[in-house]
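Q: Before I ask anything, let me first share the structure, which is written out below as structure tokens.
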Amino acid sequence: MLFHPKGDAEYGQYHIRFAEPRDAKGIINCMQSVMDERIYLVSEYYLLTERGEQERIRNLEDMTLVAEFDREIVGVLTIQRGMYKKTRHTASLGIAIISGHRHKGLGYRMIEEAINWCREKGIIKLNLEVFSHNRNAIALY
């Protein structure tokens, strides 16, 4: 799916798609960039190795979306489904977008795609955690 950001046409096009194992390094770089800001995420270091990230992407019970800009991964959204039979109708959502690519409607479009995927998979409840000081994320959700 190609997506033109709202406002700034000179930013070109974003491409939102399902992640593939070959995206592991780009996902790690994107996540670490957001973690380096020390504002939005609890962890300061991305713990998965490239191989671990590839295995996570291959798990068909969960879903990872990436947003690309000029062939660089600048956004990551994950949906992790409940592990137990009683929680299969629930999932956790996580999203990270690199500074400089925020406030363009990208997060909204990624969440919209994730919700559609959840509906197709029978997931009826999405959970997320957000810091109280992250007003932009709260407004998005």
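Within each chain, counting starts at residue 1; across the structure tokens, chains are named A, B, ... in the order shown, with ligands numbered 1 upward in that order.
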Just the residues within 12 Å of Ala137 in chain A, please, counting only C-alpha atoms, with nothing from its chain fewer than 4 positions along; format it as a list in words.
A: Ile39, Tyr40, Leu41, Gly94, Ile95, Ala96, Ile97, Arg102, His103, Gly105, Gly107, Tyr108, Ile111, Leu128, Glu129, Val130, Phe131, Ser132, His133 and Tyr141 of chain A
Q: Keeping N, CA and C atoms for every residue in the selection just given, could you write it to a file as a PDB file, in the first residue's frame?
A:
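again14.pdb, freshly written:
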```pdb
ATOM      1  N   ILE A  39      12.532   8.238  25.514  1.00  0.00           N
ATOM      2  CA  ILE A  39      11.295   8.932  25.881  1.00  0.00           C
ATOM      3  C   ILE A  39      10.086   8.016  25.787  1.00  0.00           C
ATOM      4  N   TYR A  40       9.983   7.260  24.714  1.00  0.00           N
ATOM      5  CA  TYR A  40       8.729   6.596  24.370  1.00  0.00           C
ATOM      6  C   TYR A  40       8.642   5.125  24.751  1.00  0.00           C
ATOM      7  N   LEU A  41       9.760   4.453  24.876  1.00  0.00           N
ATOM      8  CA  LEU A  41       9.753   3.015  25.142  1.00  0.00           C
ATOM      9  C   LEU A  41      10.480   2.708  26.443  1.00  0.00           C
ATOM     10  N   GLY A  94       2.009  -2.776  19.466  1.00  0.00           N
ATOM     11  CA  GLY A  94       3.157  -1.910  19.703  1.00  0.00           C
ATOM     12  C   GLY A  94       3.481  -1.171  18.419  1.00  0.00           C
ATOM     13  N   ILE A  95       3.882   0.079  18.543  1.00  0.00           N
ATOM     14  CA  ILE A  95       4.204   0.861  17.346  1.00  0.00           C
ATOM     15  C   ILE A  95       5.368   1.795  17.661  1.00  0.00           C
ATOM     16  N   ALA A  96       6.249   1.947  16.700  1.00  0.00           N
ATOM     17  CA  ALA A  96       7.375   2.872  16.822  1.00  0.00           C
ATOM     18  C   ALA A  96       7.635   3.490  15.452  1.00  0.00           C
ATOM     19  N   ILE A  97       7.760   4.806  15.441  1.00  0.00           N
ATOM     20  CA  ILE A  97       8.048   5.535  14.205  1.00  0.00           C
ATOM     21  C   ILE A  97       9.230   6.457  14.471  1.00  0.00           C
ATOM     22  N   ARG A 102       7.158  11.289  12.030  1.00  0.00           N
ATOM     23  CA  ARG A 102       5.942  11.373  12.846  1.00  0.00           C
ATOM     24  C   ARG A 102       5.098  12.563  12.401  1.00  0.00           C
ATOM     25  N   HIS A 103       3.841  12.573  12.823  1.00  0.00           N
ATOM     26  CA  HIS A 103       2.900  13.679  12.555  1.00  0.00           C
ATOM     27  C   HIS A 103       2.581  13.822  11.068  1.00  0.00           C
ATOM     28  N   GLY A 105       0.511  11.206   9.647  1.00  0.00           N
ATOM     29  CA  GLY A 105      -0.593  10.280   9.448  1.00  0.00           C
ATOM     30  C   GLY A 105      -0.159   8.833   9.278  1.00  0.00           C
ATOM     31  N   GLY A 107       1.259   6.689  11.510  1.00  0.00           N
ATOM     32  CA  GLY A 107       0.802   5.842  12.614  1.00  0.00           C
ATOM     33  C   GLY A 107      -0.661   5.478  12.475  1.00  0.00           C
ATOM     34  N   TYR A 108      -1.468   6.453  12.093  1.00  0.00           N
ATOM     35  CA  TYR A 108      -2.900   6.214  11.898  1.00  0.00           C
ATOM     36  C   TYR A 108      -3.125   5.140  10.838  1.00  0.00           C
ATOM     37  N   ILE A 111      -2.055   1.659  12.093  1.00  0.00           N
ATOM     38  CA  ILE A 111      -3.026   1.111  13.042  1.00  0.00           C
ATOM     39  C   ILE A 111      -4.297   0.679  12.314  1.00  0.00           C
ATOM     40  N   LEU A 128      -2.694  -2.067  24.632  1.00  0.00           N
ATOM     41  CA  LEU A 128      -1.423  -1.373  24.453  1.00  0.00           C
ATOM     42  C   LEU A 128      -1.072  -0.658  25.741  1.00  0.00           C
ATOM     43  N   GLU A 129       0.181  -0.298  25.850  1.00  0.00           N
ATOM     44  CA  GLU A 129       0.660   0.484  26.983  1.00  0.00           C
ATOM     45  C   GLU A 129       1.292   1.744  26.435  1.00  0.00           C
ATOM     46  N   VAL A 130       1.074   2.847  27.141  1.00  0.00           N
ATOM     47  CA  VAL A 130       1.628   4.128  26.711  1.00  0.00           C
ATOM     48  C   VAL A 130       1.947   4.953  27.953  1.00  0.00           C
ATOM     49  N   PHE A 131       3.049   5.673  27.915  1.00  0.00           N
ATOM     50  CA  PHE A 131       3.385   6.568  29.016  1.00  0.00           C
ATOM     51  C   PHE A 131       2.411   7.738  29.041  1.00  0.00           C
ATOM     52  N   SER A 132       2.077   8.210  30.231  1.00  0.00           N
ATOM     53  CA  SER A 132       1.117   9.315  30.362  1.00  0.00           C
ATOM     54  C   SER A 132       1.643  10.606  29.747  1.00  0.00           C
ATOM     55  N   HIS A 133       2.957  10.759  29.628  1.00  0.00           N
ATOM     56  CA  HIS A 133       3.520  11.981  29.042  1.00  0.00           C
ATOM     57  C   HIS A 133       3.557  11.939  27.508  1.00  0.00           C
ATOM     58  N   TYR A 141      -4.231   7.019  19.648  1.00  0.00           N
ATOM     59  CA  TYR A 141      -4.996   5.836  20.046  1.00  0.00           C
ATOM     60  C   TYR A 141      -6.438   6.194  20.321  1.00  0.00           C
TER      61      TYR A 141
END
```
Q: Taking the DSSP assignment computed from this structure's backbone, write out as a list in words all residues of range 51-113 of chain A that belong to helix (DSSP H, G or I).
A: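 The helix (DSSP H, G or I) residues within range 51-113 of chain A come out as Arg51, Gly52, Glu53, Gln54, Glu55, Arg56, Ile57, Arg58, Lys85, Lys86, Thr87, Leu106, Gly107, Tyr108, Arg109, Met110, Ile111, Glu112 and Glu113 of chain A.
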Q: May I have the selected residues written with N, CA and C atoms, as a JSON list (two decimals), in the first residue's frame?
A:
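The resulting result-v4.json:
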```json
[["chain", "number", "residue", "atom", "x", "y", "z"],
["A", 51, "ARG", "N", 18.47, -12.83, 13.96],
["A", 51, "ARG", "CA", 17.84, -14.16, 13.81],
["A", 51, "ARG", "C", 16.55, -14.25, 14.62],
["A", 52, "GLY", "N", 16.58, -13.75, 15.84],
["A", 52, "GLY", "CA", 15.38, -13.75, 16.68],
["A", 52, "GLY", "C", 14.25, -12.95, 16.06],
["A", 53, "GLU", "N", 14.59, -11.82, 15.47],
["A", 53, "GLU", "CA", 13.59, -10.98, 14.80],
["A", 53, "GLU", "C", 13.01, -11.72, 13.59],
["A", 54, "GLN", "N", 13.85, -12.41, 12.85],
["A", 54, "GLN", "CA", 13.37, -13.19, 11.71],
["A", 54, "GLN", "C", 12.39, -14.27, 12.15],
["A", 55, "GLU", "N", 12.69, -14.93, 13.25],
["A", 55, "GLU", "CA", 11.79, -15.96, 13.77],
["A", 55, "GLU", "C", 10.47, -15.35, 14.21],
["A", 56, "ARG", "N", 10.51, -14.20, 14.83],
["A", 56, "ARG", "CA", 9.28, -13.52, 15.26],
["A", 56, "ARG", "C", 8.42, -13.17, 14.05],
["A", 57, "ILE", "N", 9.05, -12.70, 12.99],
["A", 57, "ILE", "CA", 8.32, -12.33, 11.77],
["A", 57, "ILE", "C", 7.67, -13.57, 11.14],
["A", 58, "ARG", "N", 8.34, -14.70, 11.22],
["A", 58, "ARG", "CA", 7.81, -15.93, 10.61],
["A", 58, "ARG", "C", 6.62, -16.51, 11.38],
["A", 85, "LYS", "N", -5.66, -20.37, 24.92],
["A", 85, "LYS", "CA", -6.95, -20.53, 24.25],
["A", 85, "LYS", "C", -7.94, -19.47, 24.71],
["A", 86, "LYS", "N", -7.94, -19.17, 26.00],
["A", 86, "LYS", "CA", -8.88, -18.19, 26.55],
["A", 86, "LYS", "C", -8.54, -16.76, 26.17],
["A", 87, "THR", "N", -7.35, -16.53, 25.66],
["A", 87, "THR", "CA", -6.95, -15.16, 25.30],
["A", 87, "THR", "C", -6.67, -14.99, 23.81],
["A", 106, "LEU", "N", 1.13, 8.58, 9.37],
["A", 106, "LEU", "CA", 1.67, 7.24, 9.17],
["A", 106, "LEU", "C", 1.19, 6.27, 10.26],
["A", 107, "GLY", "N", 1.26, 6.69, 11.51],
["A", 107, "GLY", "CA", 0.80, 5.84, 12.61],
["A", 107, "GLY", "C", -0.66, 5.48, 12.48],
["A", 108, "TYR", "N", -1.47, 6.45, 12.09],
["A", 108, "TYR", "CA", -2.90, 6.21, 11.90],
["A", 108, "TYR", "C", -3.12, 5.14, 10.84],
["A", 109, "ARG", "N", -2.43, 5.27, 9.71],
["A", 109, "ARG", "CA", -2.61, 4.31, 8.62],
["A", 109, "ARG", "C", -2.12, 2.91, 9.02],
["A", 110, "MET", "N", -1.04, 2.84, 9.76],
["A", 110, "MET", "CA", -0.53, 1.54, 10.20],
["A", 110, "MET", "C", -1.52, 0.88, 11.17],
["A", 111, "ILE", "N", -2.05, 1.66, 12.09],
["A", 111, "ILE", "CA", -3.03, 1.11, 13.04],
["A", 111, "ILE", "C", -4.30, 0.68, 12.31],
["A", 112, "GLU", "N", -4.71, 1.45, 11.35],
["A", 112, "GLU", "CA", -5.89, 1.10, 10.56],
["A", 112, "GLU", "C", -5.69, -0.26, 9.88],
["A", 113, "GLU", "N", -4.53, -0.48, 9.29],
["A", 113, "GLU", "CA", -4.23, -1.77, 8.65],
["A", 113, "GLU", "C", -4.18, -2.89, 9.68]]
```
Q: Please measure the separation of CA of Ile73 in chain A and CA of Ile27 in chain A, giving the value in Å to one decimal.
A: 6.5 Å
Q: What separation in Å, quoted to one decimal, exists between CA of Gly122 in chain A and CA of Leu60 in chain A?
A: 13.9 Å
